[in-house]
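Coordinates as given in entry_9.cif (mmCIF, C-alpha atoms):
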data_target
#
loop_
_atom_site.group_PDB
_atom_site.id
_atom_site.type_symbol
_atom_site.label_atom_id
_atom_site.label_comp_id
_atom_site.auth_asym_id
_atom_site.auth_seq_id
_atom_site.Cartn_x
_atom_site.Cartn_y
_atom_site.Cartn_z
ATOM 1 C CA MET A 1 -27.547 0.450 -7.333
ATOM 2 C CA PHE A 2 -26.543 0.764 -3.727
ATOM 3 C CA PHE A 3 -24.779 -2.565 -3.835
ATOM 4 C CA ASN A 4 -22.853 -1.593 -6.957
ATOM 5 C CA ASN A 5 -21.357 1.376 -5.117
ATOM 6 C CA TRP A 6 -20.719 -0.783 -2.091
ATOM 7 C CA PHE A 7 -18.630 -3.219 -4.132
ATOM 8 C CA LYS A 8 -16.769 -0.365 -5.753
ATOM 9 C CA ILE A 9 -15.803 0.901 -2.312
ATOM 10 C CA ASN A 10 -14.756 -2.624 -1.406
ATOM 11 C CA ASP A 11 -12.244 -2.479 -4.260
ATOM 12 C CA LYS A 12 -8.795 -2.369 -2.645
ATOM 13 C CA LYS A 13 -7.635 0.588 -4.746
ATOM 14 C CA TYR A 14 -10.430 2.854 -3.508
ATOM 15 C CA LEU A 15 -10.104 1.642 0.067
ATOM 16 C CA ASP A 16 -6.382 2.362 -0.074
ATOM 17 C CA ALA A 17 -6.916 5.913 -1.346
ATOM 18 C CA ILE A 18 -9.686 6.687 1.177
ATOM 19 C CA SER A 19 -7.609 5.317 4.044
ATOM 20 C CA THR A 20 -4.461 7.245 3.119
ATOM 21 C CA ALA A 21 -6.446 10.478 2.828
ATOM 22 C CA GLY A 22 -8.146 9.759 6.137
ATOM 23 C CA VAL A 23 -4.985 9.251 8.183
ATOM 24 C CA ILE A 24 -3.178 12.466 7.192
ATOM 25 C CA GLY A 25 -4.828 14.757 9.751
ATOM 26 C CA LEU A 26 -4.253 12.622 12.812
ATOM 27 C CA HIS A 27 -0.647 11.883 11.790
ATOM 28 C CA MET A 28 0.172 15.566 12.007
ATOM 29 C CA VAL A 29 -1.585 16.086 15.354
ATOM 30 C CA SER A 30 -0.183 12.999 17.055
ATOM 31 C CA ALA A 31 3.443 13.847 16.183
ATOM 32 C CA THR A 32 2.928 17.353 17.608
ATOM 33 C CA VAL A 33 1.394 15.992 20.815
ATOM 34 C CA VAL A 34 4.171 13.430 21.285
ATOM 35 C CA GLY A 35 6.817 16.147 20.773
ATOM 36 C CA LEU A 36 5.142 18.391 23.342
ATOM 37 C CA GLY A 37 4.821 15.539 25.855
ATOM 38 C CA MET A 38 8.462 14.484 25.434
ATOM 39 C CA GLY A 39 9.656 18.072 25.965
ATOM 40 C CA TRP A 40 7.450 18.554 29.025
ATOM 41 C CA TYR A 41 8.660 15.389 30.734
ATOM 42 C CA LEU A 42 12.307 16.121 29.874
ATOM 43 C CA ASP A 43 11.893 19.600 31.382
ATOM 44 C CA ARG A 44 10.445 18.171 34.579
ATOM 45 C CA TRP A 45 13.207 15.577 34.757
ATOM 46 C CA LEU A 46 16.160 17.900 34.031
ATOM 47 C CA GLY A 47 14.709 21.067 35.601
ATOM 48 C CA THR A 48 15.239 23.226 32.512
ATOM 49 C CA LYS A 49 11.784 24.806 32.262
ATOM 50 C CA PRO A 50 10.686 26.085 29.663
ATOM 51 C CA TRP A 51 13.377 25.519 27.058
ATOM 52 C CA LEU A 52 13.101 21.847 26.111
ATOM 53 C CA THR A 53 9.296 22.045 25.841
ATOM 54 C CA GLY A 54 9.612 24.702 23.146
ATOM 55 C CA VAL A 55 12.382 22.910 21.287
ATOM 56 C CA PHE A 56 10.575 19.572 21.274
ATOM 57 C CA LEU A 57 7.252 21.195 20.340
ATOM 58 C CA ILE A 58 8.910 22.659 17.242
ATOM 59 C CA LEU A 59 10.550 19.303 16.482
ATOM 60 C CA GLY A 60 7.148 17.624 16.864
ATOM 61 C CA ILE A 61 5.525 20.074 14.448
ATOM 62 C CA VAL A 62 8.325 19.469 11.922
ATOM 63 C CA ALA A 63 7.889 15.700 12.332
ATOM 64 C CA GLY A 64 4.142 16.137 11.770
ATOM 65 C CA PHE A 65 4.731 18.034 8.540
ATOM 66 C CA LYS A 66 7.188 15.342 7.457
ATOM 67 C CA ASN A 67 4.483 12.698 8.063
ATOM 68 C CA VAL A 68 1.995 14.705 5.993
ATOM 69 C CA TRP A 69 4.536 15.059 3.209
ATOM 70 C CA LEU A 70 5.223 11.303 3.148
ATOM 71 C CA ASP A 71 1.489 10.480 3.129
ATOM 72 C CA SER A 72 0.714 12.871 0.301
ATOM 73 C CA ARG A 73 3.640 11.527 -1.707
ATOM 74 C CA ARG A 74 2.123 8.061 -1.291
ATOM 75 C CA LEU A 75 -1.267 9.330 -2.528
ATOM 76 C CA LEU A 76 0.328 11.057 -5.536
ATOM 77 C CA LYS A 77 2.301 7.953 -6.426
ATOM 78 C CA ALA A 78 -0.875 5.828 -6.456
ATOM 79 C CA GLN A 79 -2.567 8.467 -8.630
ATOM 80 C CA ASP A 80 0.351 8.489 -11.087
ATOM 81 C CA LYS A 81 0.235 4.716 -11.335
ATOM 82 C CA GLU A 82 -3.479 4.795 -12.116
ATOM 83 C CA ASP A 83 -2.980 7.504 -14.740
ATOM 84 C CA ALA A 84 -0.173 5.514 -16.353
ATOM 85 C CA GLU A 85 -2.479 2.502 -16.606
ATOM 86 C CA LYS A 86 -5.196 4.625 -18.196
ATOM 87 C CA PHE A 87 -3.308 6.985 -20.512
ATOM 88 C CA GLY A 88 0.038 5.268 -21.022
ATOM 89 C CA PRO A 89 3.316 6.150 -19.288
ATOM 90 C CA LYS A 90 4.134 9.780 -18.557
ATOM 91 C CA ASP A 91 7.167 11.162 -20.377
ATOM 92 C CA MET B 1 -21.244 3.099 27.110
ATOM 93 C CA ALA B 2 -21.158 6.852 26.545
ATOM 94 C CA GLY B 3 -21.020 8.868 29.741
ATOM 95 C CA GLY B 4 -24.460 9.755 31.031
ATOM 96 C CA LEU B 5 -26.395 8.191 28.149
ATOM 97 C CA PRO B 6 -28.710 5.294 28.914
ATOM 98 C CA HIS B 7 -27.379 2.188 27.251
ATOM 99 C CA PRO B 8 -29.265 -0.833 25.976
ATOM 100 C CA VAL B 9 -29.277 -4.154 27.775
ATOM 101 C CA LEU B 10 -25.976 -5.969 27.245
ATOM 102 C CA TRP B 11 -25.237 -9.679 27.507
ATOM 103 C CA SER B 12 -22.284 -8.902 29.754
ATOM 104 C CA THR B 13 -24.608 -7.218 32.284
ATOM 105 C CA LEU B 14 -26.925 -10.213 32.270
ATOM 106 C CA LEU B 15 -23.949 -12.518 32.887
ATOM 107 C CA HIS B 16 -22.580 -10.221 35.655
ATOM 108 C CA VAL B 17 -19.170 -9.752 34.015
ATOM 109 C CA ASP B 18 -19.253 -5.949 33.576
ATOM 110 C CA GLN B 19 -16.731 -5.698 36.383
ATOM 111 C CA VAL B 20 -14.716 -8.440 38.020
ATOM 112 C CA THR B 21 -12.620 -8.449 41.180
ATOM 113 C CA ILE B 22 -9.089 -9.722 40.734
ATOM 114 C CA GLY B 23 -6.901 -9.803 43.831
ATOM 115 C CA GLY B 24 -9.076 -7.314 45.699
ATOM 116 C CA ALA B 25 -9.196 -4.731 42.869
ATOM 117 C CA THR B 26 -12.403 -4.248 40.883
ATOM 118 C CA VAL B 27 -11.626 -3.750 37.197
ATOM 119 C CA GLU B 28 -13.651 -3.078 34.062
ATOM 120 C CA PHE B 29 -14.112 -6.395 32.259
ATOM 121 C CA LYS B 30 -16.747 -5.693 29.592
ATOM 122 C CA HIS B 31 -14.284 -5.111 26.739
ATOM 123 C CA VAL B 32 -12.314 -8.250 27.653
ATOM 124 C CA PHE B 33 -15.513 -10.301 27.624
ATOM 125 C CA TYR B 34 -16.489 -9.025 24.172
ATOM 126 C CA THR B 35 -12.925 -9.504 22.879
ATOM 127 C CA TRP B 36 -13.283 -13.134 23.916
ATOM 128 C CA CYS B 37 -16.615 -13.248 22.071
ATOM 129 C CA ALA B 38 -14.927 -12.037 18.875
ATOM 130 C CA MET B 39 -12.137 -14.580 19.365
ATOM 131 C CA ALA B 40 -14.686 -17.371 19.896
ATOM 132 C CA VAL B 41 -16.493 -16.447 16.668
ATOM 133 C CA LEU B 42 -13.215 -16.363 14.720
ATOM 134 C CA PHE B 43 -11.963 -19.648 16.194
ATOM 135 C CA SER B 44 -15.200 -21.491 15.464
ATOM 136 C CA LEU B 45 -15.357 -20.099 11.912
ATOM 137 C CA GLY B 46 -11.741 -21.149 11.374
ATOM 138 C CA LEU B 47 -12.313 -24.660 12.698
ATOM 139 C CA LEU B 48 -15.515 -24.953 10.642
ATOM 140 C CA VAL B 49 -13.680 -24.002 7.434
ATOM 141 C CA ARG B 50 -10.691 -26.218 8.205
ATOM 142 C CA GLY B 51 -12.919 -29.191 8.941
ATOM 143 C CA GLY B 52 -14.620 -29.053 5.543
ATOM 144 C CA LEU B 53 -11.794 -28.022 3.208
ATOM 145 C CA LYS B 54 -12.569 -28.931 -0.399
ATOM 146 C CA LEU B 55 -10.672 -28.551 -3.644
ATOM 147 C CA VAL B 56 -13.651 -26.781 -5.182
ATOM 148 C CA PRO B 57 -14.595 -24.216 -2.538
ATOM 149 C CA GLY B 58 -18.198 -23.487 -1.745
ATOM 150 C CA GLY B 59 -20.116 -21.413 0.767
ATOM 151 C CA ILE B 60 -18.099 -20.114 3.688
ATOM 152 C CA GLN B 61 -14.770 -21.418 2.356
ATOM 153 C CA ASN B 62 -15.348 -19.324 -0.758
ATOM 154 C CA VAL B 63 -15.817 -16.140 1.278
ATOM 155 C CA PHE B 64 -12.649 -16.764 3.259
ATOM 156 C CA GLU B 65 -10.625 -17.517 0.129
ATOM 157 C CA VAL B 66 -11.768 -14.291 -1.541
ATOM 158 C CA VAL B 67 -11.033 -12.136 1.523
ATOM 159 C CA ILE B 68 -7.689 -13.694 2.426
ATOM 160 C CA GLY B 69 -6.525 -14.099 -1.180
ATOM 161 C CA GLY B 70 -7.364 -10.466 -1.947
ATOM 162 C CA LEU B 71 -5.564 -9.198 1.133
ATOM 163 C CA GLU B 72 -2.505 -11.332 0.401
ATOM 164 C CA ASP B 73 -2.280 -9.967 -3.140
ATOM 165 C CA PHE B 74 -2.571 -6.437 -1.752
ATOM 166 C CA VAL B 75 0.223 -7.064 0.775
ATOM 167 C CA VAL B 76 2.529 -8.721 -1.759
ATOM 168 C CA THR B 77 2.114 -5.907 -4.315
ATOM 169 C CA ASN B 78 2.964 -3.382 -1.588
ATOM 170 C CA ILE B 79 5.760 -5.038 0.401
ATOM 171 C CA GLY B 80 7.075 -7.601 -2.084
ATOM 172 C CA GLU B 81 7.799 -11.259 -1.410
ATOM 173 C CA ASP B 82 8.745 -10.460 2.211
ATOM 174 C CA GLY B 83 5.057 -9.774 2.692
ATOM 175 C CA ARG B 84 4.207 -13.490 2.625
ATOM 176 C CA LYS B 85 6.224 -14.010 5.820
ATOM 177 C CA VAL B 86 4.278 -11.423 7.830
ATOM 178 C CA PHE B 87 0.919 -11.928 6.134
ATOM 179 C CA PRO B 88 -0.517 -14.243 8.829
ATOM 180 C CA LEU B 89 -0.155 -11.421 11.353
ATOM 181 C CA LEU B 90 -1.566 -8.769 9.006
ATOM 182 C CA GLY B 91 -4.557 -10.857 7.959
ATOM 183 C CA GLY B 92 -5.160 -11.822 11.577
ATOM 184 C CA ILE B 93 -5.165 -8.171 12.635
ATOM 185 C CA PHE B 94 -7.645 -7.262 9.894
ATOM 186 C CA LEU B 95 -10.101 -10.051 10.685
ATOM 187 C CA PHE B 96 -9.772 -9.623 14.454
ATOM 188 C CA ILE B 97 -10.450 -5.877 14.380
ATOM 189 C CA LEU B 98 -13.229 -6.324 11.815
ATOM 190 C CA PHE B 99 -15.073 -8.798 14.027
ATOM 191 C CA GLN B 100 -14.487 -6.687 17.122
ATOM 192 C CA ASN B 101 -15.894 -3.625 15.343
ATOM 193 C CA LEU B 102 -18.885 -5.477 13.935
ATOM 194 C CA LEU B 103 -19.823 -6.777 17.396
ATOM 195 C CA GLY B 104 -20.937 -3.207 18.107
ATOM 196 C CA LEU B 105 -23.726 -3.566 15.528
ATOM 197 C CA ILE B 106 -25.220 -6.690 17.099
ATOM 198 C CA PRO B 107 -27.976 -5.996 19.640
ATOM 199 C CA GLY B 108 -26.851 -6.856 23.161
ATOM 200 C CA CYS B 109 -23.170 -6.601 22.266
ATOM 201 C CA ASP B 110 -20.698 -3.752 22.558
ATOM 202 C CA ALA B 111 -17.609 -3.180 20.401
ATOM 203 C CA PRO B 112 -14.470 -3.916 22.454
ATOM 204 C CA THR B 113 -12.596 -1.409 20.273
ATOM 205 C CA ALA B 114 -14.782 1.359 21.773
ATOM 206 C CA ASN B 115 -12.547 1.003 24.860
ATOM 207 C CA VAL B 116 -9.156 2.656 24.587
ATOM 208 C CA ASN B 117 -7.335 -0.190 26.376
ATOM 209 C CA THR B 118 -8.027 -2.784 23.657
ATOM 210 C CA ASN B 119 -6.688 -0.469 20.960
ATOM 211 C CA ALA B 120 -3.643 0.577 22.980
ATOM 212 C CA ALA B 121 -2.699 -3.075 23.486
ATOM 213 C CA MET B 122 -2.904 -3.789 19.745
ATOM 214 C CA ALA B 123 -1.070 -0.598 18.760
ATOM 215 C CA VAL B 124 1.797 -1.224 21.189
ATOM 216 C CA PHE B 125 2.069 -4.788 19.905
ATOM 217 C CA VAL B 126 2.287 -3.516 16.301
ATOM 218 C CA PHE B 127 4.974 -0.993 17.331
ATOM 219 C CA LEU B 128 7.096 -3.672 19.019
ATOM 220 C CA TYR B 129 6.556 -6.133 16.171
ATOM 221 C CA TYR B 130 7.723 -3.936 13.300
ATOM 222 C CA ASN B 131 10.767 -2.808 15.269
ATOM 223 C CA TYR B 132 11.552 -6.459 16.041
ATOM 224 C CA GLN B 133 11.276 -7.352 12.348
ATOM 225 C CA GLY B 134 13.529 -4.416 11.441
ATOM 226 C CA ILE B 135 16.176 -5.374 13.982
ATOM 227 C CA LYS B 136 15.991 -9.016 12.900
ATOM 228 C CA ARG B 137 16.505 -8.016 9.262
ATOM 229 C CA TRP B 138 19.172 -5.302 9.622
ATOM 230 C CA GLY B 139 20.814 -5.989 12.988
ATOM 231 C CA PRO B 140 22.550 -2.927 14.461
ATOM 232 C CA GLY B 141 22.258 -1.255 11.024
ATOM 233 C CA TYR B 142 18.552 -0.691 11.777
ATOM 234 C CA ILE B 143 19.624 2.605 13.390
ATOM 235 C CA LYS B 144 20.262 3.898 9.862
ATOM 236 C CA HIS B 145 16.482 4.042 9.409
ATOM 237 C CA PHE B 146 16.455 6.834 11.994
ATOM 238 C CA MET B 147 19.359 8.883 10.648
ATOM 239 C CA GLY B 148 17.993 10.534 7.536
ATOM 240 C CA PRO B 149 19.340 10.557 3.994
ATOM 241 C CA MET B 150 22.672 12.351 4.668
ATOM 242 C CA TRP B 151 25.100 11.845 7.533
ATOM 243 C CA TRP B 152 25.322 15.526 8.480
ATOM 244 C CA LEU B 153 21.542 15.646 8.942
ATOM 245 C CA THR B 154 21.722 13.025 11.718
ATOM 246 C CA PRO B 155 21.489 15.427 14.723
ATOM 247 C CA LEU B 156 18.288 16.874 13.242
ATOM 248 C CA MET B 157 16.754 13.677 11.898
ATOM 249 C CA LEU B 158 17.324 11.450 14.954
ATOM 250 C CA PRO B 159 14.901 13.314 17.276
ATOM 251 C CA LEU B 160 12.481 13.881 14.381
ATOM 252 C CA GLU B 161 12.339 10.185 13.532
ATOM 253 C CA LEU B 162 12.110 9.234 17.216
ATOM 254 C CA ILE B 163 9.111 11.545 17.636
ATOM 255 C CA SER B 164 7.351 10.342 14.512
ATOM 256 C CA HIS B 165 7.918 6.674 15.411
ATOM 257 C CA THR B 166 6.602 7.220 18.944
ATOM 258 C CA ALA B 167 3.580 9.012 17.512
ATOM 259 C CA ARG B 168 2.612 5.925 15.498
ATOM 260 C CA PRO B 169 1.077 3.834 18.315
ATOM 261 C CA LEU B 170 -0.651 6.965 19.648
ATOM 262 C CA SER B 171 -2.314 7.777 16.347
ATOM 263 C CA LEU B 172 -3.232 4.108 15.727
ATOM 264 C CA THR B 173 -4.908 3.921 19.148
ATOM 265 C CA LEU B 174 -6.739 7.236 18.998
ATOM 266 C CA ARG B 175 -8.048 6.817 15.457
ATOM 267 C CA LEU B 176 -9.657 3.434 16.057
ATOM 268 C CA PHE B 177 -10.937 4.412 19.513
ATOM 269 C CA GLY B 178 -12.375 7.755 18.401
ATOM 270 C CA ASN B 179 -14.158 6.366 15.367
ATOM 271 C CA ILE B 180 -15.716 3.327 17.006
ATOM 272 C CA ARG B 181 -16.653 5.123 20.232
ATOM 273 C CA GLY B 182 -18.177 7.960 18.220
ATOM 274 C CA GLU B 183 -20.216 5.524 16.177
ATOM 275 C CA GLU B 184 -21.530 3.840 19.321
ATOM 276 C CA ILE B 185 -22.575 7.216 20.790
ATOM 277 C CA VAL B 186 -24.290 8.318 17.573
ATOM 278 C CA MET B 187 -26.111 4.989 17.436
ATOM 279 C CA VAL B 188 -27.478 5.480 20.962
ATOM 280 C CA LEU B 189 -28.563 9.026 20.099
ATOM 281 C CA PHE B 190 -30.378 7.882 16.960
ATOM 282 C CA PHE B 191 -32.035 5.121 18.929
ATOM 283 C CA LEU B 192 -33.247 7.643 21.501
ATOM 284 C CA MET B 193 -34.678 9.912 18.790
ATOM 285 C CA ALA B 194 -36.444 7.279 16.691
ATOM 286 C CA PRO B 195 -36.192 3.708 17.972
ATOM 287 C CA ILE B 196 -35.609 1.009 15.309
ATOM 288 C CA VAL B 197 -36.529 3.206 12.289
ATOM 289 C CA GLY B 198 -33.807 5.768 13.004
ATOM 290 C CA THR B 199 -31.074 3.206 13.488
ATOM 291 C CA ILE B 200 -31.514 1.226 10.271
ATOM 292 C CA PRO B 201 -30.018 3.829 7.860
ATOM 293 C CA VAL B 202 -27.032 4.509 10.105
ATOM 294 C CA TYR B 203 -26.413 0.764 10.324
ATOM 295 C CA PHE B 204 -25.338 0.801 6.662
ATOM 296 C CA LEU B 205 -23.151 3.876 7.118
ATOM 297 C CA PHE B 206 -21.465 2.390 10.170
ATOM 298 C CA LEU B 207 -20.990 -0.951 8.440
ATOM 299 C CA LEU B 208 -18.840 0.961 5.939
ATOM 300 C CA GLY B 209 -17.122 2.948 8.711
ATOM 301 C CA LYS B 210 -16.223 -0.153 10.689
ATOM 302 C CA VAL B 211 -14.831 -2.026 7.669
ATOM 303 C CA LEU B 212 -12.848 1.099 6.742
ATOM 304 C CA GLN B 213 -11.366 1.491 10.227
ATOM 305 C CA SER B 214 -10.174 -2.107 10.377
ATOM 306 C CA PHE B 215 -8.705 -1.723 6.887
ATOM 307 C CA ILE B 216 -6.884 1.461 7.959
ATOM 308 C CA PHE B 217 -5.313 -0.308 10.953
ATOM 309 C CA PHE B 218 -4.253 -3.186 8.684
ATOM 310 C CA MET B 219 -2.882 -0.837 6.012
ATOM 311 C CA LEU B 220 -0.866 1.255 8.463
ATOM 312 C CA THR B 221 0.647 -1.870 10.013
ATOM 313 C CA MET B 222 1.618 -2.945 6.505
ATOM 314 C CA ILE B 223 3.226 0.441 5.743
ATOM 315 C CA TYR B 224 5.222 0.339 8.990
ATOM 316 C CA LEU B 225 6.443 -3.184 8.250
ATOM 317 C CA LYS B 226 7.373 -2.101 4.739
ATOM 318 C CA GLY B 227 9.404 0.778 6.188
ATOM 319 C CA ALA B 228 11.217 -1.638 8.505
ATOM 320 C CA PHE B 229 11.955 -4.097 5.689
ATOM 321 C CA GLU B 230 13.209 -1.769 2.966
ATOM 322 C CA HIS B 231 16.738 -0.438 2.779
ATOM 323 C CA ALA B 232 17.291 2.800 4.690
ATOM 324 C CA HIS B 233 16.868 5.655 2.167
#
Kindly transcribe the structure held in the file into structure tokens.
Amino acid sequence: MFFNNWFKINDKKYLDAISTAGVIGLHMVSATVVGLGMGWYLDRWLGTKPWLTGVFLILGIVAGFKNVWLDSRRLLKAQDKEDAEKFGPKD
Amino acid sequence: MAGGLPHPVLWSTLLHVDQVTIGGATVEFKHVFYTWCAMAVLFSLGLLVRGGLKLVPGGIQNVFEVVIGGLEDFVVTNIGEDGRKVFPLLGGIFLFILFQNLLGLIPGCDAPTANVNTNAAMAVFVFLYYNYQGIKRWGPGYIKHFMGPMWWLTPLMLPLELISHTARPLSLTLRLFGNIRGEEIVMVLFFLMAPIVGTIPVYFLFLLGKVLQSFIFFMLTMIYLKGAFEHAH
């Protein structure tokens, strides 16, 4: 029984879905952190504390949300494809 | 291993290669040693399979054909025919990370991916490689990938895309590092609580976790390459 489940998880379709769901969280955080870091270094370089940090932090958050949106669209597309295989094409 | 925790006896300690001195500077060498171990295993398996290639596969050749054939199908359905050109790299990344991760489950060995330097090197290489493929395919027009769907959105989209592309190697590195390092720490804790008996159940869980992490790295590399190959928006 255990090995049946194991092989099911080894199926590429399931692995793909699990992986896409698993990467969403970190994609959002890492874009935010990179935006903050870029703004901080630009501020130190150009001497414009604290303006660029704020601007780039907001840009980073927006980029993070964009990443999440793209990932969830990918998940939904895979789901639609599976449904179309099972129930026929959606009208 | 984990800071402050006692760690089991490692082969690298017995061979005195935990730290080496290069040009007067003492550097950490354990993860390099175990990376070489993973490479040695992969090279010898590859040579073994190549030496005994048969038309009707059996034994180890069968396993390799199933794994590599399945991955190639997966890549080609996702990227298209371009995928065949970059498949050697993608398959290599999957197998390399898989063997590196699984080394952590062998007594006396440590996973090289539990050190952030190994992962950073691979993530930076992936970043450079997909940008190189994009520039090779599109030439100067590759910049269109960074400019968003409409021309008047360019001032907004350019910094956004730059940030999200720079975040890619960071998230690749941290995900693999965090998962594998965490698994190593949990394994030591379980071993401290109930030696042998406590570690056997988590072995199966971590076997799944390690396969999943190497698949995630492979899949993300494939998605990035796909983004570089396809027409901008």
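Those residues that approach segment 75-84 of chain A to within 10 Å, counting all atoms listed in the file, are Lys13, Asp16, Ala17, Ile18, Ser19, Thr20, Ala21, Trp69 and Lys90 of chain A; same-chain residues fewer than 6 positions away are not listed.
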Using all atoms listed in the file, select each residue of chain B with any atom at most 12 Å away from an atom of chain A, and give the selection as a PyMOL selection string.
-> chain B and resi 67+70-75+77-78+148+155-176+178-179+204-205+207-209+211-220+222-223+227
Leaving out segment 196-203 of chain B and any residue of its chain fewer than 3 positions from it, which residues lie within 12 Å of it when counting all atoms listed in the file, given as a PDB file with C-alpha atoms, in the coordinates of the input?
ATOM      1  CA  LEU B 102     -18.885  -5.477  13.935  1.00  0.00           C
ATOM      2  CA  GLY B 104     -20.937  -3.207  18.107  1.00  0.00           C
ATOM      3  CA  LEU B 105     -23.726  -3.566  15.528  1.00  0.00           C
ATOM      4  CA  ILE B 106     -25.220  -6.690  17.099  1.00  0.00           C
ATOM      5  CA  PRO B 107     -27.976  -5.996  19.640  1.00  0.00           C
ATOM      6  CA  GLU B 183     -20.216   5.524  16.177  1.00  0.00           C
ATOM      7  CA  GLU B 184     -21.530   3.840  19.321  1.00  0.00           C
ATOM      8  CA  ILE B 185     -22.575   7.216  20.790  1.00  0.00           C
ATOM      9  CA  VAL B 186     -24.290   8.318  17.573  1.00  0.00           C
ATOM     10  CA  MET B 187     -26.111   4.989  17.436  1.00  0.00           C
ATOM     11  CA  VAL B 188     -27.478   5.480  20.962  1.00  0.00           C
ATOM     12  CA  LEU B 189     -28.563   9.026  20.099  1.00  0.00           C
ATOM     13  CA  PHE B 190     -30.378   7.882  16.960  1.00  0.00           C
ATOM     14  CA  PHE B 191     -32.035   5.121  18.929  1.00  0.00           C
ATOM     15  CA  LEU B 192     -33.247   7.643  21.501  1.00  0.00           C
ATOM     16  CA  MET B 193     -34.678   9.912  18.790  1.00  0.00           C
ATOM     17  CA  PHE B 206     -21.465   2.390  10.170  1.00  0.00           C
ATOM     18  CA  LEU B 207     -20.990  -0.951   8.440  1.00  0.00           C
ATOM     19  CA  LEU B 208     -18.840   0.961   5.939  1.00  0.00           C
ATOM     20  CA  GLY B 209     -17.122   2.948   8.711  1.00  0.00           C
ATOM     21  CA  LYS B 210     -16.223  -0.153  10.689  1.00  0.00           C
TER      22      LYS B 210
END
Quote the spacing between atom CA of Tyr130 of chain B and atom CA of Leu225 of chain B in Å to one decimal place.
->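 Those two atoms sit 5.3 Å apart.
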List as an mmCIF file with C-alpha atoms, in the coordinates of the input the protein and nucleic acid residues near Leu128 of chain B, meaning an atom at most 12 Å away when only C-alpha atoms are counted, but skip any in the same chain fewer than 3 places from it.
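And here's around.cif as it stands now:
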data_model
loop_
_atom_site.group_PDB
_atom_site.id
_atom_site.type_symbol
_atom_site.label_atom_id
_atom_site.label_comp_id
_atom_site.auth_asym_id
_atom_site.auth_seq_id
_atom_site.Cartn_x
_atom_site.Cartn_y
_atom_site.Cartn_z
ATOM 1 C CA ALA B 121 -2.699 -3.075 23.486
ATOM 2 C CA MET B 122 -2.904 -3.789 19.745
ATOM 3 C CA ALA B 123 -1.070 -0.598 18.760
ATOM 4 C CA VAL B 124 1.797 -1.224 21.189
ATOM 5 C CA PHE B 125 2.069 -4.788 19.905
ATOM 6 C CA ASN B 131 10.767 -2.808 15.269
ATOM 7 C CA TYR B 132 11.552 -6.459 16.041
ATOM 8 C CA GLN B 133 11.276 -7.352 12.348
ATOM 9 C CA GLY B 134 13.529 -4.416 11.441
ATOM 10 C CA ILE B 135 16.176 -5.374 13.982
ATOM 11 C CA HIS B 165 7.918 6.674 15.411
ATOM 12 C CA THR B 166 6.602 7.220 18.944
ATOM 13 C CA ARG B 168 2.612 5.925 15.498
ATOM 14 C CA PRO B 169 1.077 3.834 18.315
ATOM 15 C CA THR B 221 0.647 -1.870 10.013
ATOM 16 C CA TYR B 224 5.222 0.339 8.990
ATOM 17 C CA LEU B 225 6.443 -3.184 8.250
ATOM 18 C CA ALA B 228 11.217 -1.638 8.505
#
For atom CA of Glu230 of chain B and atom CA of Phe87 of chain B, determine how far apart the two atoms are, in Å to one decimal place.
->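 According to the coordinates, atom CA of Glu230 of chain B and atom CA of Phe87 of chain B are separated by 16.3 Å.
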Could you check how far atom CA of Leu42 of chain B sits from atom CA of Asp82 of chain B, in Å to one decimal?
-> 26.0 Å
Please identify all polymer residues within 10 Å of Phe96 of chain B, counting all atoms listed in the file, omitting same-chain residues fewer than 6 positions from it, and present them as a list of chain:residue names.
->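 Listed by chain and then number, they are B:Thr35, B:Ala38, B:Met39, B:Val41, B:Leu42, B:Leu90, B:Ser214.
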Under the rule of at most 8 Å, produce a per-residue listing of segment 77-157 of chain B near segment 27-34 of chain B: chain, number, name, the closest pair of atoms, and the distance in Å, as JSON lines, using all atoms listed in the file.
{"residue": "B:Gln100", "atom": "CA", "partner": "B:Tyr34", "partner_atom": "CA", "distance": 7.7}
{"residue": "B:Leu103", "atom": "CA", "partner": "B:Tyr34", "partner_atom": "CA", "distance": 7.9}
{"residue": "B:Cys109", "atom": "CA", "partner": "B:Tyr34", "partner_atom": "CA", "distance": 7.4}
{"residue": "B:Asp110", "atom": "CA", "partner": "B:Tyr34", "partner_atom": "CA", "distance": 6.9}
{"residue": "B:Ala111", "atom": "CA", "partner": "B:Tyr34", "partner_atom": "CA", "distance": 7.0}
{"residue": "B:Pro112", "atom": "CA", "partner": "B:His31", "partner_atom": "CA", "distance": 4.5}
{"residue": "B:Thr113", "atom": "CA", "partner": "B:His31", "partner_atom": "CA", "distance": 7.6}
{"residue": "B:Asn115", "atom": "CA", "partner": "B:His31", "partner_atom": "CA", "distance": 6.6}
{"residue": "B:Thr118", "atom": "CA", "partner": "B:His31", "partner_atom": "CA", "distance": 7.4}
Among listed residues B:Ala232, B:Ala120, B:Ala114, B:Val126, nearest Lys144 of chain B (using only C-alpha atoms) =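 Of B:Ala232, B:Ala120, B:Ala114, B:Val126, the one nearest Lys144 of chain B is B:Ala232, counting only C-alpha atoms.
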Which of B:Leu98, B:Ile60, B:Thr154, B:Leu89 sits closest to Tyr129 of chain B [using all atoms listed in the file] = B:Leu89
